[in-house]
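Everything below belongs to entry-v6.cif, which stores mmCIF, C-alpha atoms.
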```cif
data_model
loop_
_atom_site.label_atom_id
_atom_site.label_comp_id
_atom_site.auth_asym_id
_atom_site.auth_seq_id
_atom_site.Cartn_x
_atom_site.Cartn_y
_atom_site.Cartn_z
CA MET A 1 -53.92 163.20 -128.88
CA PRO A 2 -51.85 162.93 -125.74
CA HIS A 3 -48.83 160.74 -126.22
CA ASP A 4 -47.58 158.77 -123.31
CA HIS A 5 -44.05 157.54 -123.10
CA ASP A 6 -41.98 155.86 -120.49
CA ASP A 7 -39.76 158.11 -118.37
CA HIS A 8 -36.81 158.04 -120.71
CA ASN A 9 -38.71 159.25 -123.75
CA HIS A 10 -39.80 162.52 -122.17
CA PRO A 11 -37.68 165.41 -123.43
CA HIS A 12 -37.24 166.60 -119.83
CA SER A 13 -35.14 163.52 -119.12
CA LEU A 14 -32.43 165.00 -121.37
CA LEU A 15 -31.88 167.78 -118.83
CA PRO A 16 -29.70 167.30 -115.73
CA GLY A 17 -31.39 165.40 -112.89
CA ASP A 18 -30.36 167.74 -110.09
CA PRO A 19 -33.07 170.44 -109.94
CA VAL A 20 -30.56 173.23 -109.35
CA LEU A 21 -28.68 172.29 -112.52
CA ARG A 22 -31.88 171.54 -114.35
CA ILE A 23 -33.31 175.04 -113.96
CA LYS A 24 -29.92 176.56 -114.69
CA ALA A 25 -29.74 174.57 -117.94
CA LEU A 26 -33.27 175.59 -118.94
CA GLU A 27 -32.71 179.25 -118.12
CA THR A 28 -29.39 179.34 -119.96
CA LEU A 29 -30.83 177.67 -123.03
CA LEU A 30 -33.89 179.91 -123.18
CA THR A 31 -31.76 182.99 -122.60
CA LYS A 32 -29.42 182.04 -125.44
CA LYS A 33 -32.40 181.53 -127.71
CA GLY A 34 -33.61 185.01 -126.80
CA LEU A 35 -36.81 183.71 -125.18
CA VAL A 36 -36.09 184.65 -121.60
CA ASP A 37 -34.66 187.84 -120.18
CA PRO A 38 -32.90 187.14 -116.84
CA LEU A 39 -33.85 190.63 -115.65
CA ALA A 40 -37.51 189.78 -116.19
CA LEU A 41 -37.02 186.64 -114.10
CA ASP A 42 -35.56 188.77 -111.30
CA ALA A 43 -38.55 191.10 -111.53
CA ILE A 44 -41.02 188.19 -111.29
CA ILE A 45 -39.22 186.82 -108.22
CA ASP A 46 -39.11 190.26 -106.61
CA THR A 47 -42.86 190.59 -107.15
CA TYR A 48 -43.73 187.42 -105.27
CA GLU A 49 -41.00 187.76 -102.70
CA ASN A 50 -41.54 191.40 -101.78
CA LYS A 51 -44.62 192.97 -103.35
CA ILE A 52 -47.45 190.46 -103.31
CA GLY A 53 -48.26 188.43 -100.21
CA PRO A 54 -50.83 187.63 -97.50
CA ARG A 55 -50.85 191.23 -96.30
CA ASN A 56 -53.17 191.97 -99.22
CA GLY A 57 -55.61 189.31 -98.07
CA ALA A 58 -55.35 190.53 -94.48
CA HIS A 59 -56.34 193.99 -95.68
CA VAL A 60 -59.48 192.58 -97.31
CA VAL A 61 -60.38 190.60 -94.18
CA ALA A 62 -59.87 193.52 -91.79
CA LYS A 63 -61.96 195.76 -94.01
CA ALA A 64 -64.72 193.14 -94.11
CA TRP A 65 -64.67 193.01 -90.31
CA LEU A 66 -64.90 196.78 -90.02
CA GLU A 67 -67.28 197.80 -92.78
CA PRO A 68 -70.62 195.97 -93.15
CA ALA A 69 -71.23 197.41 -96.63
CA PHE A 70 -67.80 196.26 -97.81
CA ARG A 71 -68.40 192.81 -96.30
CA ALA A 72 -71.75 192.49 -98.09
CA ALA A 73 -70.24 193.58 -101.41
CA LEU A 74 -67.29 191.22 -100.93
CA LEU A 75 -69.53 188.21 -100.32
CA LYS A 76 -71.61 189.15 -103.35
CA ASP A 77 -68.84 189.83 -105.89
CA ALA A 78 -65.34 189.44 -104.47
CA THR A 79 -63.62 189.85 -107.84
CA LYS A 80 -65.02 193.34 -108.26
CA VAL A 81 -64.39 194.41 -104.69
CA VAL A 82 -60.80 193.19 -104.37
CA SER A 83 -59.95 194.54 -107.84
CA GLU A 84 -61.03 197.96 -106.66
CA LEU A 85 -58.46 197.65 -103.87
CA GLY A 86 -55.83 196.86 -106.51
CA TYR A 87 -55.67 193.13 -105.80
CA TYR A 88 -56.19 191.64 -109.21
CA GLY A 89 -53.93 189.68 -111.51
CA ARG A 90 -52.57 186.30 -112.36
CA GLN A 91 -54.31 183.51 -110.41
CA GLY A 92 -56.81 185.94 -108.94
CA GLU A 93 -59.03 186.62 -111.93
CA HIS A 94 -62.16 185.12 -110.39
CA MET A 95 -62.39 185.53 -106.64
CA VAL A 96 -65.00 184.24 -104.23
CA ALA A 97 -64.92 185.07 -100.51
CA VAL A 98 -66.35 182.53 -98.08
CA GLU A 99 -67.05 183.47 -94.52
CA ASN A 100 -66.52 181.40 -91.37
CA THR A 101 -69.39 181.49 -88.90
CA ASP A 102 -70.35 179.81 -85.62
CA THR A 103 -71.70 176.91 -87.66
CA VAL A 104 -69.38 176.60 -90.69
CA HIS A 105 -65.61 176.52 -91.05
CA ASN A 106 -64.27 176.89 -94.61
CA MET A 107 -61.03 175.40 -95.90
CA VAL A 108 -59.48 175.55 -99.39
CA VAL A 109 -57.49 172.96 -101.33
CA CYS A 110 -56.71 172.17 -104.94
CA THR A 111 -56.58 168.38 -105.15
CA LEU A 112 -55.58 168.37 -108.84
CA CYS A 113 -52.70 170.85 -108.72
CA SER A 114 -52.11 173.94 -106.57
CA CYS A 115 -54.65 176.64 -107.48
CA TYR A 116 -54.32 179.54 -105.05
CA PRO A 117 -55.23 183.26 -105.01
CA TRP A 118 -51.82 184.77 -105.74
CA PRO A 119 -52.81 188.48 -105.73
CA LEU A 120 -54.23 188.13 -102.21
CA LEU A 121 -51.95 185.56 -100.60
CA GLY A 122 -48.80 185.39 -102.72
CA ILE A 123 -47.22 182.09 -103.75
CA PRO A 124 -48.65 179.07 -101.89
CA PRO A 125 -46.67 177.47 -99.07
CA THR A 126 -44.99 174.10 -99.61
CA TRP A 127 -47.59 172.17 -97.65
CA TYR A 128 -50.44 173.52 -99.80
CA LYS A 129 -48.76 171.93 -102.82
CA SER A 130 -47.85 168.69 -101.03
CA ASP A 131 -49.40 165.33 -101.87
CA ALA A 132 -50.44 164.92 -98.23
CA TYR A 133 -52.54 168.08 -98.19
CA ARG A 134 -54.01 167.55 -101.64
CA ALA A 135 -54.92 163.94 -100.87
CA ARG A 136 -56.21 164.37 -97.33
CA ALA A 137 -57.92 167.77 -97.11
CA VAL A 138 -61.12 166.62 -98.81
CA ARG A 139 -61.49 163.31 -96.93
CA GLU A 140 -60.27 164.15 -93.44
CA PRO A 141 -60.20 167.93 -93.04
CA ARG A 142 -60.39 167.70 -89.26
CA LYS A 143 -57.33 165.47 -89.06
CA VAL A 144 -55.52 167.89 -91.36
CA LEU A 145 -56.57 170.78 -89.12
CA ALA A 146 -55.16 168.81 -86.19
CA ASP A 147 -51.79 168.77 -88.01
CA PHE A 148 -52.00 172.57 -87.77
CA GLY A 149 -52.95 172.42 -84.11
CA VAL A 150 -56.52 173.49 -84.81
CA ALA A 151 -59.49 171.75 -83.14
CA LEU A 152 -63.01 172.81 -84.11
CA PRO A 153 -66.05 172.72 -81.82
CA ALA A 154 -68.14 169.57 -82.38
CA ASP A 155 -71.11 171.54 -83.67
CA ARG A 156 -69.17 173.21 -86.47
CA ALA A 157 -69.42 171.85 -90.02
CA VAL A 158 -66.41 171.93 -92.32
CA ARG A 159 -66.88 173.05 -95.88
CA VAL A 160 -63.86 172.19 -98.02
CA TRP A 161 -63.57 174.06 -101.32
CA ASP A 162 -61.68 172.04 -103.93
CA SER A 163 -60.52 174.69 -106.38
CA THR A 164 -61.02 172.79 -109.65
CA ALA A 165 -61.61 175.74 -112.00
CA GLU A 166 -60.07 179.22 -112.30
CA VAL A 167 -62.16 180.45 -109.37
CA ARG A 168 -60.02 181.20 -106.30
CA TYR A 169 -61.33 181.23 -102.75
CA LEU A 170 -60.49 183.49 -99.84
CA VAL A 171 -61.63 182.42 -96.38
CA ILE A 172 -62.84 185.26 -94.18
CA PRO A 173 -62.04 184.09 -90.65
CA GLN A 174 -64.19 185.12 -87.69
CA ARG A 175 -63.28 188.36 -86.03
CA PRO A 176 -61.92 187.65 -82.55
CA LYS A 177 -63.83 188.94 -79.56
CA GLY A 178 -62.33 191.83 -77.66
CA THR A 179 -61.32 193.77 -80.79
CA ASP A 180 -64.26 196.17 -80.96
CA ASP A 181 -62.21 199.35 -80.82
CA TRP A 182 -59.35 198.11 -83.02
CA ASP A 183 -58.44 199.92 -86.22
CA GLU A 184 -57.78 198.34 -89.59
CA GLU A 185 -54.01 198.14 -89.22
CA ALA A 186 -54.24 196.43 -85.82
CA LEU A 187 -56.83 193.96 -87.09
CA MET A 188 -54.68 193.12 -90.12
CA ASP A 189 -51.91 192.00 -87.76
CA LEU A 190 -54.23 189.33 -86.38
CA VAL A 191 -54.93 187.77 -89.77
CA THR A 192 -52.61 184.90 -90.62
CA ARG A 193 -52.11 183.50 -94.09
CA ASP A 194 -53.28 180.08 -92.93
CA SER A 195 -56.49 181.58 -91.50
CA MET A 196 -57.35 182.78 -95.01
CA ILE A 197 -56.80 179.25 -96.41
CA GLY A 198 -58.79 177.82 -93.52
CA THR A 199 -56.06 175.65 -92.04
CA GLY A 200 -55.22 178.08 -89.27
CA LEU A 201 -56.88 180.57 -87.01
CA VAL A 202 -56.25 184.27 -86.53
CA HIS A 203 -53.82 185.36 -83.86
CA SER A 204 -55.43 185.82 -80.48
CA PRO A 205 -55.88 189.49 -79.53
CA GLU A 206 -54.34 188.84 -76.12
CA ALA A 207 -51.11 187.82 -77.82
CA ARG A 208 -50.68 191.33 -79.20
CA THR A 209 -47.51 192.78 -77.79
CA THR A 210 -47.88 196.42 -78.80
CA MET B 1 -58.66 155.86 -115.54
CA THR B 2 -57.24 159.09 -114.32
CA ARG B 3 -53.62 160.14 -113.86
CA PRO B 4 -51.40 160.31 -110.78
CA HIS B 5 -52.13 163.97 -110.05
CA ASP B 6 -55.75 163.05 -109.25
CA MET B 7 -55.07 162.21 -105.61
CA GLY B 8 -58.01 163.73 -103.70
CA GLY B 9 -59.13 161.28 -101.01
CA ARG B 10 -56.15 158.95 -101.49
CA TYR B 11 -54.99 156.98 -98.44
CA GLY B 12 -51.42 156.60 -97.28
CA ASP B 13 -50.00 160.12 -97.29
CA GLY B 14 -48.42 161.28 -94.07
CA ALA B 15 -48.89 164.38 -91.97
CA VAL B 16 -49.18 167.86 -93.43
CA ILE B 17 -46.20 169.86 -92.23
CA PRO B 18 -47.06 173.52 -91.56
CA GLU B 19 -44.55 176.13 -92.69
CA ASN B 20 -43.55 179.42 -91.15
CA GLU B 21 -45.46 182.18 -92.91
CA SER B 22 -42.36 184.23 -93.58
CA VAL B 23 -41.02 181.61 -96.03
CA LYS B 24 -41.59 182.73 -99.62
CA PHE B 25 -39.40 180.40 -101.64
CA LYS B 26 -37.84 177.53 -99.72
CA GLU B 27 -34.93 177.25 -102.17
CA ASP B 28 -33.52 179.78 -104.62
CA TRP B 29 -34.12 177.39 -107.50
CA HIS B 30 -37.84 177.27 -106.65
CA ALA B 31 -38.06 180.98 -107.38
CA ARG B 32 -36.12 180.53 -110.60
CA ALA B 33 -38.33 177.63 -111.70
CA LEU B 34 -41.45 179.69 -111.09
CA ALA B 35 -40.05 182.68 -112.96
CA VAL B 36 -38.82 180.70 -115.98
CA THR B 37 -42.21 178.97 -116.20
CA LEU B 38 -44.13 182.26 -116.07
CA ALA B 39 -41.81 183.96 -118.55
CA SER B 40 -42.12 181.03 -120.97
CA GLY B 41 -45.90 181.18 -120.75
CA VAL B 42 -45.79 184.76 -122.02
CA LEU B 43 -44.47 183.43 -125.36
CA GLY B 44 -48.09 182.48 -126.05
CA GLN B 45 -47.50 178.92 -127.24
CA TRP B 46 -49.87 177.31 -124.73
CA ASN B 47 -52.68 178.09 -122.31
CA ILE B 48 -53.06 177.20 -118.61
CA ASP B 49 -54.95 174.00 -119.38
CA ILE B 50 -52.24 172.77 -121.74
CA SER B 51 -49.57 173.50 -119.13
CA ARG B 52 -51.51 171.72 -116.38
CA HIS B 53 -51.91 168.72 -118.65
CA ALA B 54 -48.18 168.75 -119.44
CA ARG B 55 -47.49 168.31 -115.71
CA GLU B 56 -50.09 165.67 -115.09
CA LYS B 57 -49.08 163.53 -118.06
CA LEU B 58 -45.62 162.99 -116.65
CA SER B 59 -45.15 159.29 -116.08
CA PRO B 60 -46.48 158.15 -112.69
CA THR B 61 -42.91 157.40 -111.61
CA ASP B 62 -41.72 160.91 -112.44
CA TYR B 63 -44.82 162.51 -110.96
CA ALA B 64 -44.31 160.70 -107.68
CA ARG B 65 -40.58 161.27 -107.34
CA PHE B 66 -40.46 164.93 -108.42
CA SER B 67 -40.95 167.72 -105.95
CA TYR B 68 -43.47 170.40 -106.88
CA TYR B 69 -41.25 172.72 -108.90
CA GLU B 70 -39.48 169.76 -110.51
CA LYS B 71 -42.89 168.84 -111.94
CA TRP B 72 -43.21 172.38 -113.26
CA MET B 73 -39.79 172.20 -114.89
CA ALA B 74 -40.43 168.79 -116.40
CA GLY B 75 -43.80 169.91 -117.76
CA LEU B 76 -42.22 173.05 -119.16
CA ALA B 77 -39.30 171.20 -120.75
CA ASP B 78 -41.68 168.76 -122.42
CA LEU B 79 -43.99 171.55 -123.60
CA LEU B 80 -41.15 173.55 -125.12
CA VAL B 81 -40.23 170.58 -127.29
CA GLU B 82 -43.85 169.62 -128.03
CA THR B 83 -44.56 173.12 -129.34
CA GLY B 84 -41.32 173.25 -131.33
CA VAL B 85 -39.96 176.20 -129.34
CA VAL B 86 -36.93 174.13 -128.37
CA ASP B 87 -35.34 171.27 -130.28
CA ALA B 88 -34.79 168.27 -127.99
CA ARG B 89 -31.18 168.18 -129.16
CA GLU B 90 -30.68 171.58 -127.53
CA TYR B 91 -31.31 169.93 -124.15
CA ALA B 92 -28.56 167.50 -125.00
CA ALA B 93 -26.05 170.32 -125.40
CA ALA B 94 -26.41 171.17 -129.11
CA ASP B 95 -25.72 174.86 -129.84
CA PRO B 96 -28.94 176.81 -129.18
CA ALA B 97 -30.46 178.38 -132.29
CA PRO B 98 -31.95 181.88 -131.95
CA SER B 99 -35.75 181.66 -131.78
CA PRO B 100 -38.19 183.45 -134.09
CA LEU B 101 -40.31 184.00 -130.96
CA ALA B 102 -37.59 186.11 -129.33
CA GLU B 103 -39.45 189.36 -129.99
CA ARG B 104 -42.24 188.10 -127.71
CA ALA B 105 -39.89 187.53 -124.77
CA LEU B 106 -41.06 189.13 -121.53
CA ARG B 107 -38.96 192.18 -120.61
CA ALA B 108 -38.41 193.31 -117.03
CA GLU B 109 -40.29 196.56 -117.56
CA HIS B 110 -43.43 194.65 -118.60
CA VAL B 111 -43.48 192.15 -115.73
CA ASP B 112 -45.78 194.20 -113.49
CA SER B 113 -48.35 194.85 -116.17
CA VAL B 114 -48.34 191.25 -117.46
CA LEU B 115 -48.82 189.79 -113.97
CA ALA B 116 -51.46 192.39 -113.12
CA ARG B 117 -53.41 191.69 -116.29
CA GLY B 118 -53.83 187.98 -115.47
CA GLY B 119 -55.73 185.65 -117.75
CA PRO B 120 -59.45 185.59 -117.00
CA ALA B 121 -61.26 182.41 -118.06
CA ASP B 122 -64.82 183.73 -118.33
CA ARG B 123 -66.17 183.96 -121.87
CA PRO B 124 -69.58 184.57 -123.44
CA SER B 125 -71.23 181.25 -124.31
CA GLN B 126 -74.14 180.04 -126.42
CA VAL B 127 -74.64 177.05 -124.15
CA PRO B 128 -77.92 177.53 -122.24
CA GLN B 129 -77.67 177.37 -118.47
CA LEU B 130 -79.45 174.19 -117.37
CA PHE B 131 -79.15 174.43 -113.59
CA SER B 132 -79.79 176.97 -110.85
CA VAL B 133 -78.72 177.35 -107.25
CA GLY B 134 -80.49 174.71 -105.15
CA ASP B 135 -80.82 172.12 -107.95
CA THR B 136 -79.65 168.60 -107.29
CA VAL B 137 -77.25 167.22 -109.89
CA LYS B 138 -75.11 164.18 -110.48
CA THR B 139 -71.59 164.23 -111.81
CA ARG B 140 -70.81 161.97 -114.71
CA LYS B 141 -69.86 158.49 -113.67
CA ILE B 142 -66.34 158.41 -115.03
CA ALA B 143 -63.76 161.12 -114.38
CA ALA B 144 -62.33 161.17 -117.88
CA ASN B 145 -62.11 163.59 -120.75
CA CYS B 146 -65.01 162.84 -123.12
CA LEU B 147 -63.26 164.39 -126.13
CA VAL B 148 -59.76 162.94 -125.92
CA ASP B 149 -58.78 159.52 -124.59
CA GLY B 150 -56.48 160.06 -121.64
CA GLY B 151 -56.97 163.82 -121.92
CA HIS B 152 -57.19 166.57 -119.35
CA THR B 153 -60.27 166.99 -117.19
CA ARG B 154 -61.06 168.89 -113.99
CA LEU B 155 -63.51 166.39 -112.54
CA PRO B 156 -61.56 164.61 -109.81
CA ARG B 157 -62.10 160.88 -109.55
CA TYR B 158 -63.38 161.06 -105.99
CA ALA B 159 -66.31 163.23 -107.08
CA ALA B 160 -67.34 161.20 -110.16
CA GLY B 161 -70.82 159.67 -110.17
CA MET B 162 -71.80 161.58 -107.05
CA ARG B 163 -74.91 163.52 -106.10
CA GLY B 164 -74.52 167.16 -105.12
CA ARG B 165 -76.36 170.44 -105.12
CA ILE B 166 -75.60 173.67 -106.91
CA VAL B 167 -74.55 176.39 -104.46
CA ARG B 168 -73.23 179.01 -106.88
CA PHE B 169 -73.30 179.89 -110.56
CA HIS B 170 -69.95 181.30 -111.70
CA GLY B 171 -70.98 182.40 -115.21
CA THR B 172 -69.60 180.77 -118.35
CA HIS B 173 -65.95 179.73 -118.49
CA VAL B 174 -63.46 178.10 -120.87
CA LEU B 175 -63.80 174.29 -120.79
CA PRO B 176 -60.40 172.82 -119.88
CA ASP B 177 -61.21 169.43 -121.45
CA SER B 178 -61.30 171.18 -124.81
CA ALA B 179 -58.79 174.01 -124.34
CA ALA B 180 -56.06 171.66 -123.09
CA HIS B 181 -56.05 169.89 -126.46
CA HIS B 182 -56.18 172.82 -128.89
CA LEU B 183 -59.85 172.07 -129.57
CA GLY B 184 -61.09 175.57 -128.82
CA GLU B 185 -62.27 177.26 -125.66
CA ALA B 186 -65.82 175.84 -125.80
CA PRO B 187 -67.05 178.01 -122.91
CA GLU B 188 -70.00 176.72 -120.92
CA PRO B 189 -71.72 177.31 -117.56
CA LEU B 190 -69.63 176.68 -114.46
CA TYR B 191 -71.10 175.94 -111.03
CA ALA B 192 -69.96 175.39 -107.48
CA VAL B 193 -71.45 172.07 -106.46
CA ALA B 194 -71.60 170.93 -102.81
CA PHE B 195 -71.35 167.24 -101.93
CA ARG B 196 -72.10 165.83 -98.52
CA ALA B 197 -69.03 164.16 -97.04
CA ALA B 198 -71.15 161.06 -96.49
CA GLU B 199 -71.83 160.94 -100.24
CA LEU B 200 -68.11 160.92 -101.02
CA TRP B 201 -66.51 158.91 -98.22
CA ALA B 202 -67.23 155.64 -96.45
CA HIS B 203 -66.22 157.13 -93.11
CA PRO B 204 -66.97 160.85 -93.10
CA GLU B 205 -65.53 162.73 -90.16
CA HIS B 206 -68.73 164.61 -89.36
CA PRO B 207 -72.30 164.33 -90.65
CA ASP B 208 -72.49 168.03 -91.56
CA ASP B 209 -69.22 168.28 -93.49
CA GLU B 210 -69.26 169.08 -97.20
CA VAL B 211 -66.87 169.35 -100.11
CA VAL B 212 -67.55 171.95 -102.80
CA LEU B 213 -66.10 171.71 -106.31
CA ASP B 214 -66.29 174.00 -109.33
CA LEU B 215 -67.74 171.89 -112.12
CA TRP B 216 -68.59 172.59 -115.73
CA GLN B 217 -72.11 171.93 -116.95
CA SER B 218 -71.04 169.07 -119.23
CA TYR B 219 -69.74 167.23 -116.16
CA LEU B 220 -73.25 167.24 -114.70
CA VAL B 221 -76.68 165.75 -115.30
CA ALA B 222 -79.93 166.54 -113.50
CA ASP B 223 -80.57 164.18 -110.61
CA THR B 224 -83.95 162.65 -111.37
#
```
Represent the supplied structure as structure tokens.
Amino acid sequence: MPHDHDDHNHPHSLLPGDPVLRIKALETLLTKKGLVDPLALDAIIDTYENKIGPRNGAHVVAKAWLEPAFRAALLKDATKVVSELGYYGRQGEHMVAVENTDTVHNMVVCTLCSCYPWPLLGIPPTWYKSDAYRARAVREPRKVLADFGVALPADRAVRVWDSTAEVRYLVIPQRPKGTDDWDEEALMDLVTRDSMIGTGLVHSPEARTT
Amino acid sequence: MTRPHDMGGRYGDGAVIPENESVKFKEDWHARALAVTLASGVLGQWNIDISRHAREKLSPTDYARFSYYEKWMAGLADLLVETGVVDAREYAAADPAPSPLAERALRAEHVDSVLARGGPADRPSQVPQLFSVGDTVKTRKIAANCLVDGGHTRLPRYAAGMRGRIVRFHGTHVLPDSAAHHLGEAPEPLYAVAFRAAELWAHPEHPDDEVVLDLWQSYLVADT
């Protein structure tokens, strides 16, 4: 049975209040007990700081834009397809790709916590985990999009995916016009992280400086 | 009633503040909090549903005043004591005792493989699939755990008692309402269910908007 206590009966209240000291105290204690290896912590941080990030997702999107067979397979079974590209792991065990069209714009939230496809996008940004986003995205997605400077055409429906299970969603944004002869690498540079969550758009091809 | 984490549709929150995409961890301690939490999970004393519940059963005051990774740390600190991995007195500066679980500690050389392996939630299930894509269903009226009073559930309050239609079948997955309370994985069919915005909200922004949630079969009944 879950036990509920007032604030002062939670064990966590025995730790220092300042979060910097709090994590230091926890890490030190767990290290002394032999439960945590500080080198392993460094390796975890390095993974999400340097190895895994939205570039993986951008790769999937660019490939979907370029290869019709890949796109079809991705929409049918994203878990299988992205795993084959090496993008599998914690918080990406069950992937579904949802595609933006002229009539539907997709947007992803987790109103209950912060579920997010780590292997494809890395660790979620602060706003994705904020109360404001979690509370508002399902009720007023268009006002939330306005906070990102995005205005949708009036005839476009919004489909908000509230990620309540272990399934993680990747939004496939629309390929911008004027990119017909672009290669995969160049297309990847257009794909923003926010466009794969559905709160942003891809970079405009005209803005390309190279 | 549900707990303070169940905030979908709530009024009164301010603007969403976009963040530069180059930011990975806003503060060094965020990275540390994430890493300590992941490394502690590898000790195998809880599952993802138990750890989510540990965060959401923080008191409403703590839940509201803590930033995101402070909630993680508080949930972790409580879980470590709840599972007997840490003695509460060790938080209050008693000498730490070596742990019998130390041999399970995550080592740097295993980080890549552990993160890459993940923790899939799909399981074979004996529960027959009752619904198919296109069926109309209703969520149960009250967003509460049916097994444990005040327990964990993944049916948000805003979607309780609502009519939707099945848009995807995800296979059979671990039921969080059971797994969060050491009652077994109890896998059952999981569906993506689409709800019209007008079904959920008094003032929907657009008549064609929808919200889609992943919902377990036991959260649903046929809409007759």
Q) Please, which residues are within 8 Å of (-64.0, 183.2, -93.9) by the file's coordinates, counting all atoms listed in the file, and could they come as a PyMOL selection string? A) chain A and resi 97-101+105-106+170-174+196+198
Q | Separation of CA of His203 (chain A) from CA of Leu190 (chain A) in Å | A | 4.7 Å
Q) Suppose you want the space between CA of Gly200 (chain A) and CA of Leu75 (chain A); what is it in Å? A)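 Interatomic distance here is 20.7 Å.
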Residues near His152 (chain B), anyone? I mean within 12 Å using all atoms listed in the file, not counting same-chain ones fewer than 4 positions away, as a PDB file with C-alpha atoms, in the frame of the given file.
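Below is the file selection_19.pdb, written as the result:
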```
ATOM      1  CA  MET A   1     -53.920 163.200-128.880  1.00  0.00           C
ATOM      2  CA  PRO A   2     -51.850 162.930-125.740  1.00  0.00           C
ATOM      3  CA  LEU A 112     -55.580 168.370-108.840  1.00  0.00           C
TER       4      LEU A 112
ATOM      5  CA  MET B   1     -58.660 155.860-115.540  1.00  0.00           C
ATOM      6  CA  THR B   2     -57.240 159.090-114.320  1.00  0.00           C
ATOM      7  CA  ARG B   3     -53.620 160.140-113.860  1.00  0.00           C
ATOM      8  CA  HIS B   5     -52.130 163.970-110.050  1.00  0.00           C
ATOM      9  CA  ASP B   6     -55.750 163.050-109.250  1.00  0.00           C
ATOM     10  CA  ILE B  48     -53.060 177.200-118.610  1.00  0.00           C
ATOM     11  CA  ASP B  49     -54.950 174.000-119.380  1.00  0.00           C
ATOM     12  CA  ILE B  50     -52.240 172.770-121.740  1.00  0.00           C
ATOM     13  CA  SER B  51     -49.570 173.500-119.130  1.00  0.00           C
ATOM     14  CA  ARG B  52     -51.510 171.720-116.380  1.00  0.00           C
ATOM     15  CA  HIS B  53     -51.910 168.720-118.650  1.00  0.00           C
ATOM     16  CA  ALA B  54     -48.180 168.750-119.440  1.00  0.00           C
ATOM     17  CA  ARG B  55     -47.490 168.310-115.710  1.00  0.00           C
ATOM     18  CA  GLU B  56     -50.090 165.670-115.090  1.00  0.00           C
ATOM     19  CA  LYS B  57     -49.080 163.530-118.060  1.00  0.00           C
ATOM     20  CA  ALA B 143     -63.760 161.120-114.380  1.00  0.00           C
ATOM     21  CA  ALA B 144     -62.330 161.170-117.880  1.00  0.00           C
ATOM     22  CA  ASN B 145     -62.110 163.590-120.750  1.00  0.00           C
ATOM     23  CA  CYS B 146     -65.010 162.840-123.120  1.00  0.00           C
ATOM     24  CA  LEU B 147     -63.260 164.390-126.130  1.00  0.00           C
ATOM     25  CA  VAL B 148     -59.760 162.940-125.920  1.00  0.00           C
ATOM     26  CA  PRO B 156     -61.560 164.610-109.810  1.00  0.00           C
ATOM     27  CA  LEU B 175     -63.800 174.290-120.790  1.00  0.00           C
ATOM     28  CA  PRO B 176     -60.400 172.820-119.880  1.00  0.00           C
ATOM     29  CA  ASP B 177     -61.210 169.430-121.450  1.00  0.00           C
ATOM     30  CA  SER B 178     -61.300 171.180-124.810  1.00  0.00           C
ATOM     31  CA  ALA B 179     -58.790 174.010-124.340  1.00  0.00           C
ATOM     32  CA  ALA B 180     -56.060 171.660-123.090  1.00  0.00           C
ATOM     33  CA  HIS B 181     -56.050 169.890-126.460  1.00  0.00           C
ATOM     34  CA  HIS B 182     -56.180 172.820-128.890  1.00  0.00           C
ATOM     35  CA  LEU B 183     -59.850 172.070-129.570  1.00  0.00           C
TER      36      LEU B 183
END
```
**Q.** Spatial neighbours of region 112-123 of chain B, 10 Å, all atoms listed in the file, chain gap at least 2 places, as a ChimeraX atom specification
**A.** /A:40,43-44,47,86-94,119,165-167 /B:38-39,42,47-48,106-110,125-126,170-176,185-190
Exercise: region 138-146 of chain A partners within 6 Å, all atoms listed in the file, chain neighbours under 3 positions left out, as an mmCIF file with C-alpha atoms, keeping the file's coordinate frame:
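Saved file around24.cif follows:
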```
data_model
loop_
_atom_site.group_PDB
_atom_site.id
_atom_site.type_symbol
_atom_site.label_atom_id
_atom_site.label_comp_id
_atom_site.auth_asym_id
_atom_site.auth_seq_id
_atom_site.Cartn_x
_atom_site.Cartn_y
_atom_site.Cartn_z
ATOM 1 C CA GLY A 149 -52.950 172.420 -84.110
ATOM 2 C CA VAL A 150 -56.520 173.490 -84.810
ATOM 3 C CA THR A 199 -56.060 175.650 -92.040
ATOM 4 C CA GLY B 9 -59.130 161.280 -101.010
#
```
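Minimum distance to Val96 (chain A) across A:Lys63, A:Tyr169, A:Thr111, A:Leu120 (counting only C-alpha atoms) occurs at A:Tyr169.
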Q.
Quick one: residues within 12 Å of His206 (chain B), only C-alpha atoms, excluding same-chain residues fewer than 3 positions away - as a ChimeraX atom specification?
A. /A:139-143,152-159 /B:196-199,201-203,209-211
Q | Long-range neighbours of Ala132 (chain A) as a PyMOL selection string, 9 Å cut-off, only C-alpha atoms, 2 positions minimum in chain | A | (chain A and resi 127-130+134-137) or (chain B and resi 10+12-17)
Q.
Once the PyMOL selection byres ((chain A and resi 58) around 10) has been evaluated on this model, what residues remain selected, and can you format them as a VMD selection string?
A. chain A and resid 53 to 57 59 to 64 120 to 121 172 184 to 185 187 to 193 195 to 196
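CA of Gln217 (chain B) to CA of Cys110 (chain A) spans 19.5 Å [interatomic distance, one decimal].
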Q: Pull out every residue that the PyMOL selection byres ((chain B and resi 45) around 10) matches in the shown coordinates and put them as a list in words.
A: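 With the shown file as input, the PyMOL selection byres ((chain B and resi 45) around 10) matches Ser40, Gly41, Val42, Leu43, Gly44, Trp46, Asn47, Ile50, Ser51, Leu79, Leu80, Thr83, Gly84, Val85 and Leu101 of chain B.
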(Q) Let me make sure I understand: among B:Asp135, B:Asp95, B:Asp78, B:Asp223, which one has the smallest atom-to-atom distance to chain A if we use only C-alpha atoms? (A)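 Among the listed residues, B:Asp78 lies closest to chain A.
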